[in-house]
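Structure record follows, encoded as structure tokens.
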Amino acid sequence: MKIGIDKIGFATSNYVLKLNDLAAARATDPEKLSKGLLLKELSIAPLTEDIITLGAAAADPILKSEDKEKIDMVIVATESSIDQSKAAAVFIHGLLAIQPFARSFEIKEACYGATAALDYAKLHIEKYPDSKVLVIASDIAKYGINTPGEPTQGAGAIAMLISKDPRILIFNEDNVAQTRDVMDFWRPNYSTTPYVNGLYSTQQYLDCLKTTWDEYQKRHKLSLKDFAAYCFHLPYPKLALKGLNKIMDKSLPQEQQDQLKENFEKSILYSQKVGNIYTGSLFLGLLSLLENSDNLKACDKIALFSYGSGAVAEIFSVSLVPGYENQLSRTRLEELDQRQALSVEEYEHIFFAEAELDAEGNASFSGYEDQSFALAEIAEHQRKYIKVEKSS
Ligand code: HMG
């Protein structure tokens, strides 16, 4: 049975911070961010936007009513949970009006979570071929003001509809995972921002890539020559470029090396404007590749490197389905250019604002007219979400 991704959706917030502005405010050379990290802009989420609203906004436009009848599992992968008990997937299941006899839960392992969710979704469809699984990767990456990670923040969600006979890509049976217990990046329950051993985290990322790729090639007798493109987890695109250079096989014909490099450039276009969206970053890279590459064709194989700090890595591959391009958007870059630019002062105010609850645990919010879904109020400590009605 062929199982894979039938539809992909993406949502980010309506506000953007230009990294040239951030560089000026932090007295940093702008080229450190544009060339040193390969980043241009970051999406900034206000208080009324969180992993629930972003996740629902990513999934809503791709789901038809027949999908909602067939979805019997909703998995949200995140490391930006809004509740320690209730899963984000339960809120999103409700907001999207998915049929009730479904399993909905949250899954976590830093930026790796969505890959585990896809693995589970595939096993589920193998057992129940007529069902569909909605996998959502939704995160808001916040490192804090004037930290080394500040330019690598971001906000966004990717939604993937998993089914048999998918129309975009098929999962190949070749996953190789690796777990190593390291403290490169973590966020204790009492902290709103992560602790990071920055340089160490980049070394772990690159070493997990190299060792997992070696094992993948050994187990599957495959090598770079078998792939048209390689997508990487994108904490910031420069690290992924280092990854590509690390595994590049210099004995490949120049034409194929050029194709891999060209496709890498296409895979980072969205992340350069959105920043790190943690567990969705790898799949934002995949979406950027599929929507912008002009040298891919049906049956091409794409390798994916998933990395979540802590750490778990996984390499797997997908094959493109004939007609895959009909399921994609060609206007995403223009849409990103329509976000409202913030000054650094506004960004500091909006991104780090906390809900101010009264003694009974109530707060109400406004200013979310441009969002698709919004956190409208907190009533007795319960978060209340709405689908925002658009006036025509
Ligand atoms: P930094 O202070 O930007 O580090 O922090 P840097 O001083 O090494 O500079 C970065 C690059 O800019 C260097 O290039 C400099 O040479 C260059 P490289 O040597 O690496 O090729 N540079 C310049 N280039 C042009 N013009 C200039 C200039 N000045 C310097 N004038 C760091 C970098 C990664 C530490 C920081 O961004 C950080 O802490 N980020 C957060 C952690 C992170 O993203 N780690 C990545 C691996 S871990 C991961 O991927 C998991 C994660 O997504 C979380 C999860 O799993 O949940 C983070």
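Ordering of the structure tokens sets the chain letters (A, B, ...), residue numbers begin anew at 1 in every chain, and ligands are numbered from 1 in the order given.
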
Residues within 12 Å of Lys142 in chain A, only C-alpha atoms, excluding chain neighbours under 6 positions, as an MDAnalysis selection string: chainID A and resid 42:45 79:80 148:155 187 191:196 275:278 347:348 351:353

Enumerate, as a PyMOL selection string, the complete set of residues in range 35-162 of chain A that a backbone-based DSSP assignment places in helix (DSSP H, G or I). chain A and resi 35-36+51-62+65-70+88-95+113-127+150-152

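Counting only C-alpha atoms and all ligand atoms and comparing A:Tyr385, A:Tyr324, A:Phe373, A:Tyr307, the residue that lies closest to ligand 1 is A:Tyr307.
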
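The residue set within 9 Å of Ser343 in chain A, counting only C-alpha atoms and dropping same-chain residues fewer than 3 places from it, reads A:Leu17, A:Lys18, A:Asp21, A:Leu22, A:Glu346, A:Tyr347, A:Glu348.
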
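Taking CA of Glu69 in chain A and CA of Ala87 in chain A as endpoints, the distance between them is 20.9 Å.
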
Sorted by chain and rising residue number, which residues of chain A lie within 6 Å of ligand 1, and what are their closest atom pairs and distances in Å to one decimal, counting only C-alpha atoms and all ligand atoms, as a tab-separated table?
```
residue	atom	partner	partner_atom_place_in_ligand_line	distance
A:Asp29	CA	ligand 1	31 (N)	5.0
A:Glu31	CA	ligand 1	26 (N)	4.3
A:Lys32	CA	ligand 1	28 (C)	3.6
A:Lys35	CA	ligand 1	25 (C)	5.0
A:Gly36	CA	ligand 1	12 (O)	3.1
A:Leu37	CA	ligand 1	11 (C)	5.6
A:Ala110	CA	ligand 1	57 (O)	3.7
A:Cys111	CA	ligand 1	56 (O)	3.8
A:Pro148	CA	ligand 1	36 (C)	4.5
A:Gly149	CA	ligand 1	40 (N)	3.7
A:Thr152	CA	ligand 1	37 (O)	5.9
A:Gly198	CA	ligand 1	35 (C)	3.6
A:Leu199	CA	ligand 1	35 (C)	5.0
A:Ser201	CA	ligand 1	48 (S)	4.4
A:Thr202	CA	ligand 1	47 (C)	4.1
A:Tyr205	CA	ligand 1	47 (C)	5.3
A:Pro235	CA	ligand 1	53 (O)	4.4
A:Tyr278	CA	ligand 1	53 (O)	5.0
A:Gly308	CA	ligand 1	56 (O)	3.5
A:Ser309	CA	ligand 1	56 (O)	3.8
```

With N, CA, C and O atoms retained, export the selected residues as a PDB file, in the first residue's frame.
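Generated output (selection-v2.pdb):
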```
ATOM      1  N   ASP A  29      26.466  43.529  13.159  1.00  0.00           N
ATOM      2  CA  ASP A  29      26.617  43.661  11.708  1.00  0.00           C
ATOM      3  C   ASP A  29      25.460  42.892  11.040  1.00  0.00           C
ATOM      4  O   ASP A  29      25.305  41.688  11.292  1.00  0.00           O
ATOM      5  N   GLU A  31      25.171  41.632   8.284  1.00  0.00           N
ATOM      6  CA  GLU A  31      25.652  40.474   7.501  1.00  0.00           C
ATOM      7  C   GLU A  31      25.872  39.250   8.386  1.00  0.00           C
ATOM      8  O   GLU A  31      25.900  38.127   7.900  1.00  0.00           O
ATOM      9  N   LYS A  32      26.030  39.470   9.691  1.00  0.00           N
ATOM     10  CA  LYS A  32      26.143  38.309  10.579  1.00  0.00           C
ATOM     11  C   LYS A  32      24.846  37.497  10.504  1.00  0.00           C
ATOM     12  O   LYS A  32      24.863  36.269  10.537  1.00  0.00           O
ATOM     13  N   LYS A  35      24.248  36.654   6.252  1.00  0.00           N
ATOM     14  CA  LYS A  35      25.211  35.699   5.685  1.00  0.00           C
ATOM     15  C   LYS A  35      25.652  34.651   6.711  1.00  0.00           C
ATOM     16  O   LYS A  35      25.824  33.483   6.369  1.00  0.00           O
ATOM     17  N   GLY A  36      25.837  35.094   7.971  1.00  0.00           N
ATOM     18  CA  GLY A  36      26.304  34.152   9.007  1.00  0.00           C
ATOM     19  C   GLY A  36      25.243  33.121   9.359  1.00  0.00           C
ATOM     20  O   GLY A  36      25.558  31.965   9.636  1.00  0.00           O
ATOM     21  N   LEU A  37      23.954  33.547   9.371  1.00  0.00           N
ATOM     22  CA  LEU A  37      22.861  32.612   9.707  1.00  0.00           C
ATOM     23  C   LEU A  37      21.965  32.317   8.507  1.00  0.00           C
ATOM     24  O   LEU A  37      21.146  31.408   8.541  1.00  0.00           O
ATOM     25  N   ALA A 110      11.179  17.834  21.262  1.00  0.00           N
ATOM     26  CA  ALA A 110      11.779  19.024  20.653  1.00  0.00           C
ATOM     27  C   ALA A 110      11.369  19.114  19.171  1.00  0.00           C
ATOM     28  O   ALA A 110      10.218  18.878  18.842  1.00  0.00           O
ATOM     29  N   CYS A 111      12.322  19.412  18.293  1.00  0.00           N
ATOM     30  CA  CYS A 111      11.956  19.611  16.880  1.00  0.00           C
ATOM     31  C   CYS A 111      11.742  18.303  16.121  1.00  0.00           C
ATOM     32  O   CYS A 111      11.444  18.325  14.924  1.00  0.00           O
ATOM     33  N   PRO A 148      21.838  35.027  22.060  1.00  0.00           N
ATOM     34  CA  PRO A 148      22.386  34.590  20.762  1.00  0.00           C
ATOM     35  C   PRO A 148      21.315  33.970  19.860  1.00  0.00           C
ATOM     36  O   PRO A 148      21.370  34.078  18.636  1.00  0.00           O
ATOM     37  N   GLY A 149      20.293  33.352  20.495  1.00  0.00           N
ATOM     38  CA  GLY A 149      19.251  32.701  19.691  1.00  0.00           C
ATOM     39  C   GLY A 149      18.195  33.670  19.175  1.00  0.00           C
ATOM     40  O   GLY A 149      17.342  33.286  18.360  1.00  0.00           O
ATOM     41  N   THR A 152      17.011  33.737  15.682  1.00  0.00           N
ATOM     42  CA  THR A 152      16.529  32.445  15.154  1.00  0.00           C
ATOM     43  C   THR A 152      15.156  32.083  15.714  1.00  0.00           C
ATOM     44  O   THR A 152      14.750  30.928  15.650  1.00  0.00           O
ATOM     45  N   GLY A 198      24.699  26.731  22.738  1.00  0.00           N
ATOM     46  CA  GLY A 198      24.594  27.026  21.308  1.00  0.00           C
ATOM     47  C   GLY A 198      25.560  26.268  20.423  1.00  0.00           C
ATOM     48  O   GLY A 198      25.149  25.520  19.530  1.00  0.00           O
ATOM     49  N   LEU A 199      26.857  26.437  20.677  1.00  0.00           N
ATOM     50  CA  LEU A 199      27.862  25.799  19.810  1.00  0.00           C
ATOM     51  C   LEU A 199      27.726  24.276  19.891  1.00  0.00           C
ATOM     52  O   LEU A 199      27.754  23.565  18.875  1.00  0.00           O
ATOM     53  N   SER A 201      25.094  22.586  20.532  1.00  0.00           N
ATOM     54  CA  SER A 201      23.888  22.126  19.813  1.00  0.00           C
ATOM     55  C   SER A 201      24.173  21.991  18.321  1.00  0.00           C
ATOM     56  O   SER A 201      23.690  21.056  17.671  1.00  0.00           O
ATOM     57  N   THR A 202      24.989  22.904  17.780  1.00  0.00           N
ATOM     58  CA  THR A 202      25.289  22.817  16.342  1.00  0.00           C
ATOM     59  C   THR A 202      26.174  21.597  16.067  1.00  0.00           C
ATOM     60  O   THR A 202      26.026  20.922  15.051  1.00  0.00           O
ATOM     61  N   TYR A 205      23.900  18.530  16.190  1.00  0.00           N
ATOM     62  CA  TYR A 205      23.092  18.484  14.962  1.00  0.00           C
ATOM     63  C   TYR A 205      23.926  17.871  13.828  1.00  0.00           C
ATOM     64  O   TYR A 205      23.495  16.937  13.145  1.00  0.00           O
ATOM     65  N   PRO A 235      16.942  25.045  11.981  1.00  0.00           N
ATOM     66  CA  PRO A 235      16.931  25.981  13.118  1.00  0.00           C
ATOM     67  C   PRO A 235      17.329  27.369  12.625  1.00  0.00           C
ATOM     68  O   PRO A 235      16.814  28.375  13.095  1.00  0.00           O
ATOM     69  N   TYR A 278      10.543  25.276  14.965  1.00  0.00           N
ATOM     70  CA  TYR A 278      10.832  24.047  15.693  1.00  0.00           C
ATOM     71  C   TYR A 278      10.360  22.803  14.918  1.00  0.00           C
ATOM     72  O   TYR A 278      10.868  22.514  13.864  1.00  0.00           O
ATOM     73  N   GLY A 308      15.805  16.743  16.658  1.00  0.00           N
ATOM     74  CA  GLY A 308      15.224  17.404  17.826  1.00  0.00           C
ATOM     75  C   GLY A 308      16.237  17.363  18.935  1.00  0.00           C
ATOM     76  O   GLY A 308      16.793  16.299  19.258  1.00  0.00           O
ATOM     77  N   SER A 309      16.493  18.513  19.537  1.00  0.00           N
ATOM     78  CA  SER A 309      17.491  18.570  20.607  1.00  0.00           C
ATOM     79  C   SER A 309      17.131  17.596  21.710  1.00  0.00           C
ATOM     80  O   SER A 309      15.977  17.281  21.953  1.00  0.00           O
TER      81      SER A 309
END
```

Leaving out range 327-335 of chain A and any residue of its chain fewer than 3 positions from it, which residues lie within 12 Å of it when counting only C-alpha atoms, given as a PyMOL selection string? chain A and resi 5-16+61-62+160-161+166-169+266+268-274+284+286-294+320-324+338-340

Please produce an output containing C-alpha atoms for each residue in the selection, written as a JSON list (two decimals), in the first residue's frame.
```json
[["chain", "number", "residue", "atom", "x", "y", "z"],
["A", 5, "ILE", "CA", 1.19, 13.12, 2.41],
["A", 6, "ASP", "CA", -1.99, 13.94, 0.50],
["A", 7, "LYS", "CA", -2.18, 17.67, 1.37],
["A", 8, "ILE", "CA", 0.05, 20.20, 3.13],
["A", 9, "GLY", "CA", -1.03, 23.48, 4.73],
["A", 10, "PHE", "CA", 0.99, 26.23, 6.39],
["A", 11, "ALA", "CA", 0.16, 29.18, 8.62],
["A", 12, "THR", "CA", 2.21, 31.84, 10.30],
["A", 13, "SER", "CA", 1.43, 35.02, 12.20],
["A", 14, "ASN", "CA", 0.58, 38.34, 10.54],
["A", 15, "TYR", "CA", 3.55, 40.23, 12.01],
["A", 16, "VAL", "CA", 7.14, 40.23, 10.82],
["A", 61, "PRO", "CA", -7.91, 25.58, 4.22],
["A", 62, "ILE", "CA", -6.73, 22.09, 3.16],
["A", 160, "MET", "CA", -0.19, 17.34, 6.81],
["A", 161, "LEU", "CA", -3.04, 15.06, 5.79],
["A", 166, "PRO", "CA", -1.58, 10.28, -1.47],
["A", 167, "ARG", "CA", -1.40, 13.03, -4.08],
["A", 168, "ILE", "CA", 1.88, 14.71, -3.04],
["A", 169, "LEU", "CA", 4.39, 12.13, -1.85],
["A", 266, "LYS", "CA", 14.75, 26.53, -2.75],
["A", 268, "ILE", "CA", 15.25, 27.50, 2.70],
["A", 269, "LEU", "CA", 13.20, 30.31, 1.07],
["A", 270, "TYR", "CA", 10.27, 30.14, 3.53],
["A", 271, "SER", "CA", 12.40, 29.62, 6.66],
["A", 272, "GLN", "CA", 14.50, 32.65, 5.76],
["A", 273, "LYS", "CA", 11.30, 34.72, 6.14],
["A", 274, "VAL", "CA", 9.62, 32.87, 9.02],
["A", 284, "LEU", "CA", 8.39, 24.04, 5.98],
["A", 286, "LEU", "CA", 10.02, 20.47, 2.25],
["A", 287, "LEU", "CA", 7.06, 22.70, 1.31],
["A", 288, "SER", "CA", 9.41, 25.48, 0.19],
["A", 289, "LEU", "CA", 11.31, 23.00, -1.98],
["A", 290, "LEU", "CA", 8.17, 21.53, -3.58],
["A", 291, "GLU", "CA", 6.63, 24.94, -4.27],
["A", 292, "ASN", "CA", 9.75, 26.63, -5.64],
["A", 293, "SER", "CA", 12.02, 24.06, -7.30],
["A", 294, "ASP", "CA", 11.84, 23.91, -11.08],
["A", 320, "LEU", "CA", 7.03, 12.40, -5.45],
["A", 321, "VAL", "CA", 3.68, 11.36, -6.92],
["A", 322, "PRO", "CA", 2.73, 12.28, -10.54],
["A", 323, "GLY", "CA", 0.72, 15.53, -10.43],
["A", 324, "TYR", "CA", 2.08, 16.49, -6.98],
["A", 338, "GLN", "CA", 1.98, 40.99, 3.14],
["A", 339, "ARG", "CA", 2.71, 40.56, 6.88],
["A", 340, "GLN", "CA", 2.78, 43.78, 8.91]]
```

Nearby residues (only C-alpha atoms) at most 12 Å from Glu356 in chain A, same-chain spacing under 3 positions excluded, as number ranges by chain: A: 47, 353, 359-365, 377-379, 381

Write the residues of the selection above to a file with all heavy atoms, as a tab-separated table (two decimals), in the first residue's frame.
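So result.tsv came out as:
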```tsv
chain	number	residue	atom	x	y	z
A	47	LEU	N	-0.24	37.78	21.48
A	47	LEU	CA	-0.87	36.99	22.55
A	47	LEU	C	-2.08	36.18	22.07
A	47	LEU	O	-2.37	35.11	22.60
A	47	LEU	CB	-1.33	37.99	23.63
A	47	LEU	CG	-1.40	37.56	25.07
A	47	LEU	CD1	-0.18	36.80	25.52
A	47	LEU	CD2	-1.60	38.81	25.95
A	353	ALA	N	4.65	39.64	25.53
A	353	ALA	CA	3.52	40.00	26.40
A	353	ALA	C	2.94	38.74	27.04
A	353	ALA	O	2.91	37.67	26.44
A	353	ALA	CB	2.44	40.70	25.56
A	359	ALA	N	-8.40	38.11	39.42
A	359	ALA	CA	-8.33	37.15	40.53
A	359	ALA	C	-9.09	35.85	40.22
A	359	ALA	O	-8.76	34.78	40.76
A	359	ALA	CB	-8.89	37.79	41.79
A	360	GLU	N	-10.10	35.92	39.34
A	360	GLU	CA	-10.88	34.70	38.99
A	360	GLU	C	-10.31	33.98	37.78
A	360	GLU	O	-10.89	33.00	37.30
A	360	GLU	CB	-12.34	35.06	38.71
A	360	GLU	CG	-13.20	35.27	39.94
A	360	GLU	CD	-12.93	36.61	40.60
A	360	GLU	OE1	-12.85	37.61	39.85
A	360	GLU	OE2	-12.76	36.66	41.82
A	361	GLY	N	-9.22	34.50	37.24
A	361	GLY	CA	-8.62	33.84	36.07
A	361	GLY	C	-9.28	34.23	34.77
A	361	GLY	O	-9.44	33.39	33.87
A	362	ASN	N	-9.66	35.49	34.65
A	362	ASN	CA	-10.31	35.97	33.41
A	362	ASN	C	-9.43	37.00	32.71
A	362	ASN	O	-8.75	37.80	33.38
A	362	ASN	CB	-11.64	36.67	33.74
A	362	ASN	CG	-12.61	35.75	34.43
A	362	ASN	OD1	-12.88	34.65	33.94
A	362	ASN	ND2	-13.10	36.16	35.57
A	363	ALA	N	-9.46	36.98	31.39
A	363	ALA	CA	-8.82	38.04	30.59
A	363	ALA	C	-9.49	38.02	29.23
A	363	ALA	O	-9.89	36.96	28.73
A	363	ALA	CB	-7.33	37.78	30.43
A	364	SER	N	-9.67	39.20	28.64
A	364	SER	CA	-10.22	39.19	27.27
A	364	SER	C	-9.26	39.94	26.36
A	364	SER	O	-8.50	40.81	26.81
A	364	SER	CB	-11.62	39.78	27.23
A	364	SER	OG	-11.55	41.10	27.65
A	365	PHE	N	-9.30	39.55	25.09
A	365	PHE	CA	-8.31	40.07	24.13
A	365	PHE	C	-9.02	40.70	22.95
A	365	PHE	O	-10.17	40.37	22.64
A	365	PHE	CB	-7.41	38.94	23.64
A	365	PHE	CG	-6.78	38.16	24.77
A	365	PHE	CD1	-7.23	36.88	25.08
A	365	PHE	CD2	-5.76	38.71	25.54
A	365	PHE	CE1	-6.67	36.17	26.14
A	365	PHE	CE2	-5.20	38.01	26.60
A	365	PHE	CZ	-5.66	36.74	26.89
A	377	GLU	N	-10.49	34.91	24.64
A	377	GLU	CA	-10.53	35.23	26.07
A	377	GLU	C	-10.05	34.05	26.89
A	377	GLU	O	-9.94	32.92	26.39
A	377	GLU	CB	-11.95	35.62	26.51
A	377	GLU	CG	-12.96	34.51	26.35
A	377	GLU	CD	-14.32	34.85	26.96
A	377	GLU	OE1	-14.36	35.47	28.05
A	377	GLU	OE2	-15.33	34.47	26.37
A	378	ILE	N	-9.75	34.34	28.14
A	378	ILE	CA	-9.52	33.28	29.13
A	378	ILE	C	-10.60	33.50	30.18
A	378	ILE	O	-10.75	34.60	30.71
A	378	ILE	CB	-8.11	33.37	29.74
A	378	ILE	CG1	-7.05	33.22	28.63
A	378	ILE	CG2	-7.92	32.29	30.81
A	378	ILE	CD1	-5.61	33.38	29.09
A	379	ALA	N	-11.44	32.48	30.39
A	379	ALA	CA	-12.56	32.60	31.33
A	379	ALA	C	-12.38	31.54	32.41
A	379	ALA	O	-12.38	30.35	32.10
A	379	ALA	CB	-13.89	32.41	30.61
A	381	HIS	N	-9.76	30.57	33.87
A	381	HIS	CA	-8.56	29.81	33.51
A	381	HIS	C	-8.75	28.90	32.29
A	381	HIS	O	-7.87	28.10	31.98
A	381	HIS	CB	-8.05	28.97	34.71
A	381	HIS	CG	-7.68	29.81	35.88
A	381	HIS	ND1	-6.54	30.56	35.95
A	381	HIS	CD2	-8.35	30.03	37.05
A	381	HIS	CE1	-6.50	31.20	37.10
A	381	HIS	NE2	-7.59	30.91	37.79
```

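The nearest approach to Ile107 in chain A among the residues A:His233, A:Lys86, A:Lys210, A:Lys122, with only C-alpha atoms taken into account, belongs to A:Lys86.
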
List the neighbours of Phe91 in chain A out to 12 Å using only C-alpha atoms; skip same-chain residues closer than 3 positions along the sequence, and give me the result as a ChimeraX atom specification. /A:50-56,74-76,81-83,86-88,94-98,104-106,373-375,382-387

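Taking only C-alpha atoms, the non-local environment of range 175-182 of chain A within 9 Å (same-chain residues fewer than 3 positions away omitted) comprises Asp119, Asn172, Phe185, Gln204, Cys208, Thr211, Thr212, Trp213, Glu215, Tyr216, Arg219, Ser309, Gly310, Ala311, Val312, Ala313, Glu314, Ile315, Phe316 and Ser317 of chain A.
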
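Among the candidates A:Ala157, A:Ile136, A:Ala77, A:Leu123, the residue lying nearest to Ile3 in chain A is A:Leu123 (atoms considered: only C-alpha atoms).
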
Expected answer as an MDAnalysis selection string: strand (DSSP E or B) residues in range 193-306 of chain A: chainID A and resid 195:196 229:232 275 301:306

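The space separating CA of Ser34 in chain A from CA of Gln256 in chain A comes to 26.8 Å.
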
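The space between CA of Ser85 in chain A and CA of Asp139 in chain A spans 17.2 Å.
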